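Structure below is target-v8.csv: CSV, C-alpha atoms and all ligand atoms.
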chain,number,residue,atom,x,y,z
A,810,MET,CA,326.1,59.2,28.1
A,811,LYS,CA,323.3,61.6,27.4
A,812,SER,CA,320.5,60.5,29.8
A,813,GLU,CA,317.6,62.1,28.1
A,814,ARG,CA,315.8,60.5,25.3
A,815,GLN,CA,313.8,62.2,22.5
A,816,ILE,CA,310.3,61.0,21.8
A,817,ILE,CA,308.9,61.8,18.3
A,818,ARG,CA,305.3,61.2,17.8
A,819,VAL,CA,304.0,60.5,14.3
A,820,SER,CA,300.5,59.8,13.0
A,821,ASP,CA,300.8,56.2,11.7
A,822,ALA,CA,303.0,53.3,10.7
A,823,ALA,CA,303.6,54.6,7.2
A,824,THR,CA,304.7,58.0,8.4
A,825,LEU,CA,306.9,56.3,11.0
A,826,ALA,CA,308.8,54.3,8.3
A,827,GLN,CA,309.3,57.5,6.3
A,828,VAL,CA,310.6,59.4,9.2
A,829,ALA,CA,312.9,56.5,10.1
A,830,ALA,CA,314.2,56.4,6.5
A,831,GLU,CA,315.0,60.1,6.6
A,832,ARG,CA,316.8,59.8,9.9
A,833,LEU,CA,318.9,56.9,8.5
A,834,ILE,CA,319.8,58.8,5.4
A,835,ALA,CA,320.7,61.9,7.5
A,836,ARG,CA,323.1,59.8,9.6
A,837,LEU,CA,324.7,58.4,6.4
A,838,GLU,CA,325.1,61.9,5.0
A,839,ALA,CA,326.7,63.1,8.2
A,840,ASN,CA,329.5,60.6,7.7
A,841,SER,CA,331.4,61.0,4.5
A,842,GLY,CA,333.5,57.9,5.1
A,843,ARG,CA,332.6,54.2,5.7
A,844,ALA,CA,329.3,54.1,7.6
A,845,ALA,CA,327.7,51.3,9.7
A,846,VAL,CA,324.1,50.6,10.5
A,847,CYS,CA,322.9,48.0,13.1
A,848,LEU,CA,319.6,46.6,12.0
A,849,THR,CA,316.9,45.0,14.1
A,850,GLY,CA,314.5,42.0,13.6
A,851,GLY,CA,310.9,41.7,14.4
A,852,SER,CA,308.0,43.1,12.3
A,853,SER,CA,308.4,46.8,13.3
A,854,PRO,CA,311.2,47.6,10.8
A,855,GLU,CA,309.6,45.8,7.8
A,856,ARG,CA,308.0,48.9,6.3
A,857,LEU,CA,311.3,50.8,6.7
A,858,TYR,CA,313.3,48.1,5.0
A,859,ARG,CA,310.8,48.0,2.0
A,860,LEU,CA,311.1,51.8,1.7
A,861,LEU,CA,314.9,51.7,1.6
A,862,ALA,CA,314.7,49.5,-1.5
A,863,SER,CA,312.2,51.8,-3.2
A,864,GLU,CA,312.5,55.2,-4.7
A,865,PRO,CA,313.3,58.0,-3.8
A,866,TYR,CA,315.1,56.4,-0.9
A,867,GLN,CA,317.2,53.7,-2.8
A,868,SER,CA,319.0,56.4,-4.9
A,869,ARG,CA,319.8,58.5,-1.9
A,870,ILE,CA,321.7,55.8,0.0
A,871,PRO,CA,325.4,55.5,-0.7
A,872,TRP,CA,325.3,51.7,-0.8
A,873,ARG,CA,329.0,51.2,-1.5
A,874,ARG,CA,330.2,52.8,1.7
A,875,VAL,CA,327.5,51.5,4.1
A,876,HIS,CA,327.9,48.3,6.1
A,877,TRP,CA,324.9,46.5,7.6
A,878,PHE,CA,325.1,44.5,10.9
A,879,MET,CA,322.3,42.9,13.0
A,880,GLY,CA,321.7,43.7,16.6
A,881,ASP,CA,320.4,40.3,17.5
A,882,GLU,CA,319.6,37.0,15.8
A,883,ARG,CA,317.4,34.0,16.3
A,884,PHE,CA,319.6,30.9,16.2
A,885,VAL,CA,318.0,29.3,13.2
A,886,PRO,CA,319.5,28.6,9.7
A,887,PRO,CA,320.3,31.7,7.6
A,888,GLU,CA,317.5,30.9,5.1
A,889,ASP,CA,314.9,30.2,7.8
A,890,LEU,CA,312.0,32.7,7.6
A,891,ARG,CA,312.5,33.5,11.3
A,892,ASN,CA,316.1,34.6,10.7
A,893,ASN,CA,316.3,38.4,11.2
A,894,MET,CA,319.0,38.9,8.5
A,895,ALA,CA,317.0,36.7,6.1
A,896,MET,CA,314.2,39.2,6.5
A,897,ALA,CA,316.4,42.2,5.9
A,898,ARG,CA,318.0,40.6,2.9
A,899,ARG,CA,314.7,39.7,1.3
A,900,LEU,CA,313.2,43.2,1.9
A,901,PHE,CA,316.2,45.3,0.8
A,902,LEU,CA,319.8,44.1,1.3
A,903,ASP,CA,319.8,41.5,-1.5
A,904,VAL,CA,318.5,44.1,-4.0
A,905,CYS,CA,320.6,47.0,-3.0
A,906,ALA,CA,323.7,46.3,-0.9
A,907,PRO,CA,327.0,44.9,-2.1
A,908,PRO,CA,327.2,41.4,-0.5
A,909,GLU,CA,330.5,42.2,1.2
A,910,ASN,CA,328.8,45.0,3.1
A,911,VAL,CA,326.3,42.7,4.7
A,912,HIS,CA,327.5,41.2,8.0
A,913,PRO,CA,325.1,38.5,9.3
A,914,ILE,CA,325.5,36.9,12.8
A,915,PRO,CA,327.0,33.4,11.9
A,916,VAL,CA,324.2,31.1,12.9
A,917,GLN,CA,326.0,28.2,11.2
A,918,ALA,CA,328.4,28.2,14.2
A,919,GLY,CA,328.0,25.1,16.5
A,920,THR,CA,326.6,27.0,19.5
A,921,THR,CA,325.3,30.5,20.3
A,922,ARG,CA,328.5,31.1,22.3
A,923,ASP,CA,330.6,30.3,19.2
A,924,ALA,CA,328.5,32.5,17.0
A,925,ALA,CA,328.7,35.4,19.6
A,926,ARG,CA,332.5,35.1,19.7
A,927,ARG,CA,332.8,35.1,15.9
A,928,TYR,CA,330.5,38.1,15.5
A,929,GLU,CA,332.4,39.9,18.3
A,930,ILE,CA,335.7,39.3,16.3
A,931,ALA,CA,334.0,40.5,13.1
A,932,LEU,CA,332.8,43.7,14.8
A,933,GLN,CA,336.2,44.4,16.4
A,934,THR,CA,337.9,43.8,13.1
A,935,PHE,CA,335.6,46.2,11.4
A,936,TYR,CA,336.1,48.7,14.2
A,937,GLY,CA,339.8,48.3,14.3
A,938,GLY,CA,340.2,47.5,18.0
A,939,GLY,CA,338.8,45.7,21.0
A,940,ARG,CA,338.0,48.7,23.2
A,941,LEU,CA,335.1,51.0,22.3
A,942,ASP,CA,336.1,54.6,22.3
A,943,PRO,CA,333.2,56.9,23.2
A,944,ALA,CA,334.7,59.5,20.9
A,945,ARG,CA,334.6,57.1,17.9
A,946,PRO,CA,331.2,55.2,17.9
A,947,LEU,CA,331.0,51.8,16.3
A,948,PHE,CA,327.7,52.5,14.5
A,949,ASP,CA,326.2,55.6,12.9
A,950,LEU,CA,322.7,54.3,13.6
A,951,VAL,CA,321.3,51.4,15.7
A,952,LEU,CA,317.7,50.4,15.0
A,953,MET,CA,315.7,48.9,17.9
A,954,GLY,CA,312.3,47.4,18.6
A,955,LEU,CA,310.3,47.0,21.7
A,956,GLY,CA,309.0,43.6,22.8
A,957,PRO,CA,305.8,43.1,24.8
A,958,ASP,CA,307.9,42.2,27.9
A,959,GLY,CA,310.1,45.3,27.5
A,960,HIS,CA,312.9,43.4,25.8
A,961,THR,CA,314.9,45.0,23.0
A,962,ALA,CA,317.4,43.2,20.7
A,963,SER,CA,317.5,39.8,22.5
A,964,LEU,CA,318.0,41.4,25.9
A,965,PHE,CA,315.2,40.0,28.1
A,966,PRO,CA,314.2,41.1,31.5
A,967,GLY,CA,316.2,39.3,34.2
A,968,ASP,CA,318.7,37.8,31.9
A,969,THR,CA,322.4,38.0,32.8
A,970,ALA,CA,323.1,39.3,29.2
A,971,LEU,CA,321.7,42.6,30.4
A,972,ASP,CA,324.6,43.1,32.9
A,973,GLU,CA,327.4,42.1,30.5
A,974,ARG,CA,330.0,44.9,30.3
A,975,GLU,CA,333.0,43.2,28.7
A,976,ARG,CA,331.7,41.1,25.8
A,977,TRP,CA,330.4,42.8,22.7
A,978,VAL,CA,328.1,39.9,21.8
A,979,VAL,CA,326.6,37.0,23.9
A,980,GLY,CA,324.5,34.0,23.4
A,981,VAL,CA,321.1,33.8,25.1
A,982,ALA,CA,319.7,30.4,25.9
A,983,HIS,CA,316.1,31.2,26.3
A,984,ALA,CA,313.9,33.8,24.7
A,985,ASN,CA,310.9,35.1,26.6
A,986,VAL,CA,308.8,35.5,23.5
A,987,GLU,CA,308.2,33.7,20.1
A,988,PRO,CA,310.1,32.4,18.4
A,989,GLN,CA,311.4,30.7,21.5
A,990,VAL,CA,314.7,29.7,20.0
A,991,PRO,CA,318.2,30.5,21.4
A,992,ARG,CA,319.4,34.0,20.4
A,993,VAL,CA,322.6,35.9,19.9
A,994,THR,CA,322.6,39.5,20.9
A,995,LEU,CA,324.8,42.5,21.0
A,996,THR,CA,325.3,43.8,24.6
A,997,LEU,CA,324.2,47.2,25.9
A,998,PRO,CA,327.7,48.8,25.7
A,999,THR,CA,328.0,47.7,22.1
A,1000,LEU,CA,324.6,48.9,21.1
A,1001,ALA,CA,325.3,52.2,23.0
A,1002,SER,CA,328.3,52.9,20.8
A,1003,CYS,CA,326.4,54.8,18.1
A,1004,ARG,CA,325.6,58.3,17.0
A,1005,GLU,CA,321.9,57.5,17.2
A,1006,MET,CA,319.8,54.7,18.6
A,1007,LEU,CA,316.4,54.7,17.0
A,1008,PHE,CA,313.4,52.8,18.4
A,1009,GLU,CA,310.4,52.2,16.2
A,1010,VAL,CA,307.2,51.5,18.1
A,1011,SER,CA,303.9,51.2,16.3
A,1012,GLY,CA,300.4,49.8,16.9
A,1013,SER,CA,298.0,49.6,19.8
A,1014,ASP,CA,299.4,46.3,21.0
A,1015,LYS,CA,302.5,48.2,22.0
A,1016,ARG,CA,300.6,50.7,24.1
A,1017,PRO,CA,300.7,48.8,27.5
A,1018,ILE,CA,304.5,48.2,27.4
A,1019,LEU,CA,305.2,51.7,26.0
A,1020,ALA,CA,303.3,53.1,29.0
A,1021,GLN,CA,305.8,51.2,31.3
A,1022,VAL,CA,308.7,52.5,29.3
A,1023,LEU,CA,307.5,56.1,29.5
A,1024,ASP,CA,307.0,55.6,33.3
A,1025,GLY,CA,310.8,54.7,33.5
A,1026,GLU,CA,310.4,51.2,34.7
A,1027,ASP,CA,313.5,49.1,34.8
A,1028,LEU,CA,313.2,47.3,31.5
A,1029,PRO,CA,315.9,46.3,29.0
A,1030,ALA,CA,314.5,48.8,26.5
A,1031,VAL,CA,314.8,51.6,29.0
A,1032,ARG,CA,318.3,50.6,29.9
A,1033,ALA,CA,319.3,50.7,26.2
A,1034,ARG,CA,320.7,54.2,25.5
A,1035,SER,CA,323.1,55.6,23.0
A,1036,LEU,CA,326.2,57.5,23.9
A,1037,GLY,CA,324.9,59.9,21.3
A,1038,ASP,CA,321.2,60.5,20.7
A,1039,THR,CA,318.4,58.1,21.8
A,1040,VAL,CA,315.3,58.6,19.8
A,1041,TRP,CA,311.9,56.9,20.2
A,1042,LEU,CA,309.7,57.1,17.2
A,1043,VAL,CA,306.2,56.2,18.2
A,1044,ASP,CA,302.9,56.3,16.3
A,1045,ALA,CA,299.6,57.5,17.7
A,1046,ALA,CA,298.2,54.0,18.2
A,1047,ALA,CA,301.1,53.0,20.4
A,1048,LEU,CA,301.2,56.2,22.5
A,1049,PRO,CA,299.4,55.9,25.8
A,1050,GLY,CA,296.8,58.6,26.3
A,1051,SER,CA,296.4,59.2,22.6
A,1052,SER,CA,292.9,59.2,21.2
A,1053,ASP,CA,294.1,57.7,17.9
A,1054,GLY,CA,294.6,54.3,19.4
A,1055,THR,CA,292.1,51.5,19.1
A,1101,LIG,C1,313.8,39.9,17.4
A,1101,LIG,C2,314.0,41.4,17.6
A,1101,LIG,C3,313.3,41.9,18.8
A,1101,LIG,C4,312.2,42.8,18.3
A,1101,LIG,C5,311.1,43.0,19.3
A,1101,LIG,C6,309.9,43.7,18.7
A,1101,LIG,O1,314.7,39.2,17.0
A,1101,LIG,O2,312.6,39.5,17.6
A,1101,LIG,O3,315.2,41.9,17.3
A,1101,LIG,O4,314.0,42.6,19.8
A,1101,LIG,O5,312.7,44.0,17.9
A,1101,LIG,O6,310.7,41.8,19.8
A,1101,LIG,O7,309.4,42.9,17.8
A,1101,LIG,P1,308.2,43.4,16.8
A,1101,LIG,O8,308.8,44.4,15.9
A,1101,LIG,O9,307.9,42.1,16.0
A,1101,LIG,O10,307.1,43.8,17.6
Would you mind writing the structure in this file as structure tokens?
Ligand code: 6PG
Amino acid sequence: MKSERQIIRVSDAATLAQVAAERLIARLEANSGRAAVCLTGGSSPERLYRLLASEPYQSRIPWRRVHWFMGDERFVPPEDLRNNMAMARRLFLDVCAPPENVHPIPVQAGTTRDAARRYEIALQTFYGGGRLDPARPLFDLVLMGLGPDGHTASLFPGDTALDERERWVVGVAHANVEPQVPRVTLTLPTLASCREMLFEVSGSDKRPILAQVLDGEDLPAVRARSLGDTVWLVDAAALPGSSDGT
């Protein structure tokens, strides 16, 4: 695993979404076959998702050969506004992606454990095996966010899910933050199996936790690393020590 991470500073949230869109498209262009993107929930990716459904980006994405997964899900019904895939569907997938290329975490399963097991099987079927080969990453791009407590995906500080090495997906009984509903999350080794992991961090409310991340504190978001490139895209308002923050 490459230990270093790249930090890219941009001026504001609008530029951040544009740079993220360009990076996503570059990863899709680098793979001429079937491509896979792991999306994230929360509010940070919303601008990016809207951009992907708008020109010139929409026409540049080879929708037929791109598959869309979700890195974590709130255990609420698929149409619930808090559901991460519902948000991604509303903002771009329903408009642009073939339905068979959209792979939601099955929140209709009875328990988070069942949902995790079913999604693990879906990922392993897509991948064509139950062992992740570092030479053949599962995802071309994994999008990530940063929570106020340093969580990423639904990997919360102190939770046993953080130490999981075998399972690809696990259930999480308690979320540290709103919405405080059970979650299902991909584990660190699964998220690491990508050519690029791209964090989007924007806004002054992210500044205190980003300072801890940059100090290298032992937080889930710091532990999350790609086997390929790990890139943190941060805007001026979020960056500690920047004069542009408020
Ligand atoms: C979720 C997310 C979560 C999110 C962070 C940041 O389901 O909530 O996947 O990990 O990325 O909490 O959230 P914001 O983008 O809303 O700040």
- Query: Counting only C-alpha atoms and all ligand atoms, what residues are within 9 Å of ligand LIG 1101 (chain A), given as a PyMOL selection string?
  - Reply: chain A and resi 848-855+879-883+891-893+952-965+986-988+992+994+1008-1011+1014-1015
The selected residues should be written to file as a PDB file, keeping the file's coordinate frame (atoms: C-alpha atoms).
ATOM      1  CA  LEU A 848     319.600  46.600  12.000  1.00  0.00           C
ATOM      2  CA  THR A 849     316.900  45.000  14.100  1.00  0.00           C
ATOM      3  CA  GLY A 850     314.500  42.000  13.600  1.00  0.00           C
ATOM      4  CA  GLY A 851     310.900  41.700  14.400  1.00  0.00           C
ATOM      5  CA  SER A 852     308.000  43.100  12.300  1.00  0.00           C
ATOM      6  CA  SER A 853     308.400  46.800  13.300  1.00  0.00           C
ATOM      7  CA  PRO A 854     311.200  47.600  10.800  1.00  0.00           C
ATOM      8  CA  GLU A 855     309.600  45.800   7.800  1.00  0.00           C
ATOM      9  CA  MET A 879     322.300  42.900  13.000  1.00  0.00           C
ATOM     10  CA  GLY A 880     321.700  43.700  16.600  1.00  0.00           C
ATOM     11  CA  ASP A 881     320.400  40.300  17.500  1.00  0.00           C
ATOM     12  CA  GLU A 882     319.600  37.000  15.800  1.00  0.00           C
ATOM     13  CA  ARG A 883     317.400  34.000  16.300  1.00  0.00           C
ATOM     14  CA  ARG A 891     312.500  33.500  11.300  1.00  0.00           C
ATOM     15  CA  ASN A 892     316.100  34.600  10.700  1.00  0.00           C
ATOM     16  CA  ASN A 893     316.300  38.400  11.200  1.00  0.00           C
ATOM     17  CA  LEU A 952     317.700  50.400  15.000  1.00  0.00           C
ATOM     18  CA  MET A 953     315.700  48.900  17.900  1.00  0.00           C
ATOM     19  CA  GLY A 954     312.300  47.400  18.600  1.00  0.00           C
ATOM     20  CA  LEU A 955     310.300  47.000  21.700  1.00  0.00           C
ATOM     21  CA  GLY A 956     309.000  43.600  22.800  1.00  0.00           C
ATOM     22  CA  PRO A 957     305.800  43.100  24.800  1.00  0.00           C
ATOM     23  CA  ASP A 958     307.900  42.200  27.900  1.00  0.00           C
ATOM     24  CA  GLY A 959     310.100  45.300  27.500  1.00  0.00           C
ATOM     25  CA  HIS A 960     312.900  43.400  25.800  1.00  0.00           C
ATOM     26  CA  THR A 961     314.900  45.000  23.000  1.00  0.00           C
ATOM     27  CA  ALA A 962     317.400  43.200  20.700  1.00  0.00           C
ATOM     28  CA  SER A 963     317.500  39.800  22.500  1.00  0.00           C
ATOM     29  CA  LEU A 964     318.000  41.400  25.900  1.00  0.00           C
ATOM     30  CA  PHE A 965     315.200  40.000  28.100  1.00  0.00           C
ATOM     31  CA  VAL A 986     308.800  35.500  23.500  1.00  0.00           C
ATOM     32  CA  GLU A 987     308.200  33.700  20.100  1.00  0.00           C
ATOM     33  CA  PRO A 988     310.100  32.400  18.400  1.00  0.00           C
ATOM     34  CA  ARG A 992     319.400  34.000  20.400  1.00  0.00           C
ATOM     35  CA  THR A 994     322.600  39.500  20.900  1.00  0.00           C
ATOM     36  CA  PHE A1008     313.400  52.800  18.400  1.00  0.00           C
ATOM     37  CA  GLU A1009     310.400  52.200  16.200  1.00  0.00           C
ATOM     38  CA  VAL A1010     307.200  51.500  18.100  1.00  0.00           C
ATOM     39  CA  SER A1011     303.900  51.200  16.300  1.00  0.00           C
ATOM     40  CA  ASP A1014     299.400  46.300  21.000  1.00  0.00           C
ATOM     41  CA  LYS A1015     302.500  48.200  22.000  1.00  0.00           C
TER      42      LYS A1015
END
- Quick one: residues within 10 Å of Asn910 (chain A), all atoms listed in the file counted, chain neighbours fewer than 6 positions away excluded, as an NGL selection string? :A and (845 or 872-878 or 902)
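Note that the spacing between CA of Val911 (chain A) and CA of Cys1003 (chain A) amounts to 18.1 Å.
Ranking A:Pro865, A:Thr996, A:Ala1033, A:Gly980 by their shortest atom-to-atom distance to Asp923 (chain A), with all atoms listed in the file included, puts A:Gly980 first.
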Please list, as a PDB file with C-alpha atoms, keeping the file's coordinate frame, the residues that have an atom at most 12 Å away from (335.5, 51.7, 23.5) in the coordinates of this file, counting only C-alpha atoms.
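selection.pdb was written with the following content:
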ATOM      1  CA  GLN A 933     336.200  44.400  16.400  1.00  0.00           C
ATOM      2  CA  TYR A 936     336.100  48.700  14.200  1.00  0.00           C
ATOM      3  CA  GLY A 937     339.800  48.300  14.300  1.00  0.00           C
ATOM      4  CA  GLY A 938     340.200  47.500  18.000  1.00  0.00           C
ATOM      5  CA  GLY A 939     338.800  45.700  21.000  1.00  0.00           C
ATOM      6  CA  ARG A 940     338.000  48.700  23.200  1.00  0.00           C
ATOM      7  CA  LEU A 941     335.100  51.000  22.300  1.00  0.00           C
ATOM      8  CA  ASP A 942     336.100  54.600  22.300  1.00  0.00           C
ATOM      9  CA  PRO A 943     333.200  56.900  23.200  1.00  0.00           C
ATOM     10  CA  ALA A 944     334.700  59.500  20.900  1.00  0.00           C
ATOM     11  CA  ARG A 945     334.600  57.100  17.900  1.00  0.00           C
ATOM     12  CA  PRO A 946     331.200  55.200  17.900  1.00  0.00           C
ATOM     13  CA  LEU A 947     331.000  51.800  16.300  1.00  0.00           C
ATOM     14  CA  PHE A 948     327.700  52.500  14.500  1.00  0.00           C
ATOM     15  CA  ARG A 974     330.000  44.900  30.300  1.00  0.00           C
ATOM     16  CA  GLU A 975     333.000  43.200  28.700  1.00  0.00           C
ATOM     17  CA  ARG A 976     331.700  41.100  25.800  1.00  0.00           C
ATOM     18  CA  TRP A 977     330.400  42.800  22.700  1.00  0.00           C
ATOM     19  CA  PRO A 998     327.700  48.800  25.700  1.00  0.00           C
ATOM     20  CA  THR A 999     328.000  47.700  22.100  1.00  0.00           C
ATOM     21  CA  LEU A1000     324.600  48.900  21.100  1.00  0.00           C
ATOM     22  CA  ALA A1001     325.300  52.200  23.000  1.00  0.00           C
ATOM     23  CA  SER A1002     328.300  52.900  20.800  1.00  0.00           C
ATOM     24  CA  CYS A1003     326.400  54.800  18.100  1.00  0.00           C
ATOM     25  CA  LEU A1036     326.200  57.500  23.900  1.00  0.00           C
TER      26      LEU A1036
END
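Among A:Met896, A:Ala839, A:Val1040, A:Leu1048, the residue with the shortest atom-to-atom distance to Glu813 (chain A), counting only C-alpha atoms, is A:Val1040.
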- Message: Report, in Å to a single decimal, how far apart CA of Tyr866 (chain A) and CA of Cys905 (chain A) are.
- Response: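 Rounded to one decimal, the two atoms are 11.1 Å apart.
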- Separation of CA of His912 (chain A) from CA of Leu860 (chain A), in Å and rounded to one decimal: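 Separating CA of His912 (chain A) from CA of Leu860 (chain A) is a distance of 20.5 Å.
When all atoms listed in the file are used to compute distances to Pro886 (chain A), the closest of the residues A:Ile817, A:Ala918, A:Ile870, A:Ala906 turns out to be A:Ala918.
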Under the rule of at most 10 Å, produce a per-residue listing of region 934-965 of chain A near region 824-835 of chain A: chain, number, name, the closest pair of atoms, and the distance in Å, as a Markdown table, using all atoms listed in the file.
| residue | atom | partner | partner_atom | distance |
| --- | --- | --- | --- | --- |
| A:Asp949 | CA | A:Leu833 | CA | 8.6 |
| A:Leu950 | CA | A:Leu833 | CA | 6.9 |
| A:Val951 | CA | A:Leu833 | CA | 9.4 |
| A:Leu952 | CA | A:Ala829 | CA | 9.2 |
- Query: When distances are computed from only C-alpha atoms, which of A:Ala862, A:Ala1030, A:Ile930, A:Ala895 shows the smallest separation from Pro966 (chain A)?
  - Reply: A:Ala1030
- Task: May I ask which of the residues A:Ala925, A:Val904, A:Leu857, A:Val1043 is the closest one to Ser1013 (chain A), counting all atoms listed in the file?
- Result: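 Answer, going by the shortest atom-to-atom distance: A:Val1043.
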